[in-house]
There are 2 protein chains.
Amino acid sequence: MEGVDSTQLRTLAAVIGEGSFEGAARLLHVTQSAVSQRIKALEGAVGQVLVRRSRPCRVTEAGRPLLRLASQLVLLEGEALAEARGPLSGTGTRVAVAVNADSLATWFVGALARLPVEPALHFDVRQDDQDHSAELLRDGSVMAAVTAQREPVQGCRVRRLGAMRYRALATPALAGRWFADGLTTAALAAAPVLVFDRKDRVQHRFIRAVTGQDLDPPAHYLPSVPAFSEAVRRGLGWALIPEQLAGPDLAAGTCVDLDPTRHVDVPLYWQHWRLDSTVLAALTAAVHATAAETLH
Amino acid sequence: MEGVDSTQLRTLAAVIGEGSFEGAARLLHVTQSAVSQRIKALEGAVGQVLVRRSRPCRVTEAGRPLLRLASQLVLLEGEALAEARGPLSGTGTRVAVAVNADSLATWFVGALARLPVEPALHFDVRQDDQDHSAELLRDGSVMAAVTAQREPVQGCRVRRLGAMRYRALATPALAGRWFADGLTTAALAAAPVLVFDRKDRVQHRFIRAVTGQDLDPPAHYLPSVPAFSEAVRRGLGWALIPEQLAGPDLAAGTCVDLDPTRHVDVPLYWQHWRLDSTVLAALTAAVHATAAETLH
């Protein structure tokens, strides 16, 4: 990497992090034209296009290793400066992480709240599924991720956090209409089910565990955790709901557990850069402590 | 459009709707090779590449008008067949809509629950910001959208739904630490704020309304409605919260309203295809009725 300018690398990280040249200029307190010149100079030095000028701006395949280097540089540099100048000096360190939707809606904010107020951290959370999380780790867009993927992403460490437990919920009315004879194959093939998005296979795993078959019941897609729970409560379909969110509805009787003897466990992992960073170490400790209290 | 085969059009809609050739094959109960042949034949007839073979598959610029035609054809055909065969015959109609995150997390599921159980509808909801919603309407991926964009998308009707009202919330501790002297410019420039994502300008609009200035306080990005509210409750920052979600925290005293005399209203619109569809008419009526009860 000899000859690559660290200001240019920081600018690359800012353009991709903020998604635009304007955003990077605002963040770095320079003009947009300065941002543009630095990116062009870096692209000239490397001999590759590094930024796809789309809305938002994206890193190119050739730019990925440089983006990751840039992100790691920004983190380590910020930490070294904060240590040198004392705890109250810094403008704060950006902590970018990817978290799956159900963790984000349940336990993850508890982990963030565990971190001390100083040094100031700016959390930049991406809600994402595991495929995209791996890509964000690889290209340096995030330093860590809560993900269902256990294979370590290149250059990352991975540790199991525990399993998120899901229970099959429905309103008493829906259960009575479709499952009066229990979770039969015929009923599971015909009853409307809720699915988070095209990548969510939790409901189908449950169906396969119960019936031994791959069924394709009529499905509603609802990619929002609160909307998903509300749709179960409103009787639009049955669905697998994280145990943490299911409790109140089961206690109030607005929903019933379709089979209290069954659940689906989804193991979750913490993947993070192999990097000697105090911020990353503190975040890792907070995530593990919160996960230990809330996951199985 | 003479000479374009409706089976091929339906296949195009299925490939883009499901995101893959496998998914389309499953939906249409044909082999993946049949799906592939139909798409190739349609591309041959039109003389353009219509599907970008990515993961997920995306429509090309040239494919957009055909995809929209296909989606409208599928809807109208399904309705005509259901009417001809009687109400209980159908396999259900797919209702694809785009909804902004806060509406989806609060009132929108109530509108879906208002629709009658028969004919069977399969809701396919996309959570999206207004820019992307317009594109989804244009290319036929969704038939309607709840969006902050008031200019009608080409071929769409638009009607105002009301405004979502936001209030500035923080924990009593955060308010005491940063805003003991009120919402001063200095405090708003320094206090940590929560922002949903890079397109969320609600907090900055509030800051501008209060101070008359564009400030750039340290921000945490949290693109999940439940995580966002939880982060306010945990004291990570202050933020604008939809009034509907703010109520319980204000009543319990876990959060305070930073200025009860101020709020931000975001007008929302219902954009939908100009199409004589009974399903679309019923959905429009349900959305308007629910919005009238919950928005300002």
# chains A, B, ... in the order shown; residues from 1 in each chain; ligands from 1

call {"tool": "residues_around", "arguments": {"residues": "Ala219 in chain A", "least_positions_apart": "3", "cutoff": "7 Å", "atoms": "only C-alpha atoms", "output": "PyMOL selection string"}}
result
(chain A and resi 192-195) or (chain B and resi 122)

call {"tool": "write_last_selection", "arguments": {"atoms": "C-alpha atoms", "output": "mmCIF file, in the first residue's frame"}}
result
data_model
loop_
_atom_site.group_PDB
_atom_site.id
_atom_site.type_symbol
_atom_site.label_atom_id
_atom_site.label_comp_id
_atom_site.auth_asym_id
_atom_site.auth_seq_id
_atom_site.Cartn_x
_atom_site.Cartn_y
_atom_site.Cartn_z
ATOM 1 C CA PRO A 192 -52.203 -18.093 5.918
ATOM 2 C CA VAL A 193 -48.713 -17.562 7.307
ATOM 3 C CA LEU A 194 -46.655 -14.394 7.816
ATOM 4 C CA VAL A 195 -43.140 -14.234 6.395
ATOM 5 C CA HIS B 122 -51.772 -12.040 -0.085
#

call {"tool": "residues_around", "arguments": {"residues": "range 124-139 of chain A", "least_positions_apart": "5", "cutoff": "7 Å", "atoms": "only C-alpha atoms", "output": "PyMOL selection string"}}
result
(chain A and resi 64-65+67-68+94-101+144-145+147-149+153-154) or (chain B and resi 220-223)

call {"tool": "write_last_selection", "arguments": {"atoms": "C-alpha atoms", "output": "tab-separated table (two decimals), in the first residue's frame"}}
result
chain	number	residue	atom	x	y	z
A	64	ARG	CA	-13.28	-3.14	-1.26
A	65	PRO	CA	-9.80	-3.87	0.17
A	67	LEU	CA	-12.30	0.70	1.94
A	68	ARG	CA	-11.67	-1.86	4.63
A	94	ARG	CA	-17.88	5.90	14.60
A	95	VAL	CA	-18.94	2.35	15.42
A	96	ALA	CA	-20.55	0.69	12.40
A	97	VAL	CA	-22.27	-2.66	12.94
A	98	ALA	CA	-24.76	-4.83	11.06
A	99	VAL	CA	-27.51	-6.50	13.09
A	100	ASN	CA	-30.30	-8.84	12.03
A	101	ALA	CA	-33.81	-7.35	12.36
A	144	ALA	CA	-18.80	-6.23	13.44
A	145	ALA	CA	-22.10	-8.01	12.89
A	147	THR	CA	-25.53	-12.69	12.14
A	148	ALA	CA	-26.76	-16.27	11.68
A	149	GLN	CA	-23.64	-17.01	9.61
A	153	VAL	CA	-15.74	-13.82	7.07
A	154	GLN	CA	-12.15	-13.42	5.86
B	220	HIS	CA	-26.46	7.56	16.03
B	221	TYR	CA	-28.05	5.82	13.03
B	222	LEU	CA	-30.62	3.16	13.99
B	223	PRO	CA	-32.78	2.00	11.06

call {"tool": "interface_residues", "arguments": {"of": "chain A", "to": "chain B", "cutoff": "9 Å", "atoms": "only C-alpha atoms", "output": "PyMOL selection string"}}
result
chain A and resi 18-19+26-27+91-92+94+101+104-110+112-113+117+121-127+192+197-198+216+218-228+230-231+234-236

call {"tool": "atom_distance", "arguments": {"atom1": "CA of Ala45 in chain A", "atom2": "CA of Phe21 in chain A"}}
result
19.3 Å

call {"tool": "atom_distance", "arguments": {"atom1": "CA of Ala173 in chain B", "atom2": "CA of Gly237 in chain B"}}
result
10.5 Å

call {"tool": "residues_around", "arguments": {"residues": "Thr261 in chain A", "least_positions_apart": "3", "cutoff": "10 Å", "atoms": "only C-alpha atoms", "output": "ChimeraX atom specification"}}
result
/A:167,257-258

call {"tool": "select_by_dssp", "arguments": {"residues": "range 162-293 of chain A", "states": "alpha helix (DSSP H)", "output": "CSV table (one decimal) with C-alpha atoms, in the first residue's frame"}}
result
chain,number,residue,atom,x,y,z
A,172,PRO,CA,-57.3,-17.9,19.3
A,173,ALA,CA,-59.7,-17.2,16.4
A,174,LEU,CA,-57.2,-18.1,13.7
A,175,ALA,CA,-56.1,-21.2,15.6
A,176,GLY,CA,-59.7,-22.3,16.0
A,177,ARG,CA,-60.5,-21.8,12.3
A,178,TRP,CA,-57.5,-23.6,10.9
A,185,THR,CA,-50.3,-31.2,7.1
A,186,ALA,CA,-53.5,-30.1,5.5
A,187,ALA,CA,-54.0,-27.2,7.9
A,188,LEU,CA,-50.4,-26.0,7.6
A,189,ALA,CA,-50.6,-26.2,3.8
A,190,ALA,CA,-53.7,-24.0,3.7
A,202,VAL,CA,-38.1,-19.7,9.9
A,203,GLN,CA,-41.8,-20.5,9.2
A,204,HIS,CA,-40.9,-23.0,6.6
A,205,ARG,CA,-38.3,-24.7,8.9
A,206,PHE,CA,-41.1,-25.1,11.5
A,207,ILE,CA,-43.5,-26.5,8.9
A,208,ARG,CA,-40.8,-29.0,7.8
A,209,ALA,CA,-40.1,-30.0,11.4
A,210,VAL,CA,-43.8,-30.6,12.1
A,211,THR,CA,-44.9,-32.3,8.9
A,225,VAL,CA,-40.8,-6.4,13.2
A,226,PRO,CA,-43.6,-4.3,14.8
A,227,ALA,CA,-45.9,-4.8,11.8
A,228,PHE,CA,-45.2,-8.5,11.8
A,229,SER,CA,-46.2,-8.9,15.5
A,230,GLU,CA,-49.2,-6.6,15.0
A,231,ALA,CA,-50.3,-8.7,12.0
A,232,VAL,CA,-50.3,-11.9,14.1
A,233,ARG,CA,-52.3,-10.1,16.8
A,243,GLU,CA,-40.0,-15.5,22.6
A,244,GLN,CA,-39.1,-12.1,24.0
A,245,LEU,CA,-41.8,-10.4,21.9
A,246,ALA,CA,-44.3,-13.2,22.3
A,247,GLY,CA,-44.6,-13.1,26.1
A,248,PRO,CA,-47.1,-10.2,26.6
A,249,ASP,CA,-49.5,-11.5,23.9
A,250,LEU,CA,-49.4,-15.1,25.4
A,251,ALA,CA,-50.0,-13.7,28.9
A,252,ALA,CA,-52.8,-11.5,27.8
A,278,THR,CA,-10.3,-0.8,22.5
A,279,VAL,CA,-13.7,0.3,21.2
A,280,LEU,CA,-14.2,-3.0,19.4
A,281,ALA,CA,-13.2,-4.9,22.6
A,282,ALA,CA,-15.6,-2.9,24.7
A,283,LEU,CA,-18.5,-3.5,22.2
A,284,THR,CA,-17.7,-7.2,22.0
A,285,ALA,CA,-17.8,-7.5,25.8
A,286,ALA,CA,-21.2,-5.6,26.0
A,287,VAL,CA,-22.7,-7.7,23.2
A,288,HIS,CA,-21.6,-11.0,24.8
A,289,ALA,CA,-22.9,-9.9,28.2
A,290,THR,CA,-26.3,-8.8,26.9
A,291,ALA,CA,-26.6,-11.9,24.7
A,292,ALA,CA,-25.8,-14.2,27.6
A,293,GLU,CA,-28.7,-12.7,29.5

call {"tool": "atom_distance", "arguments": {"atom1": "CA of Leu42 in chain A", "atom2": "CA of Val59 in chain A"}}
result
13.1 Å

call {"tool": "residues_around", "arguments": {"residues": "Arg159 in chain B", "least_positions_apart": "2", "cutoff": "8 Å", "atoms": "only C-alpha atoms", "output": "list in words"}}
result
Arg150, Arg157, Leu161, Tyr269, Trp270 and Gln271 of chain B

call {"tool": "residues_around", "arguments": {"residues": "His263 in chain B", "least_positions_apart": "3", "cutoff": "9 Å", "atoms": "only C-alpha atoms", "output": "ChimeraX atom specification"}}
result
/B:165-168,206,240,259-260
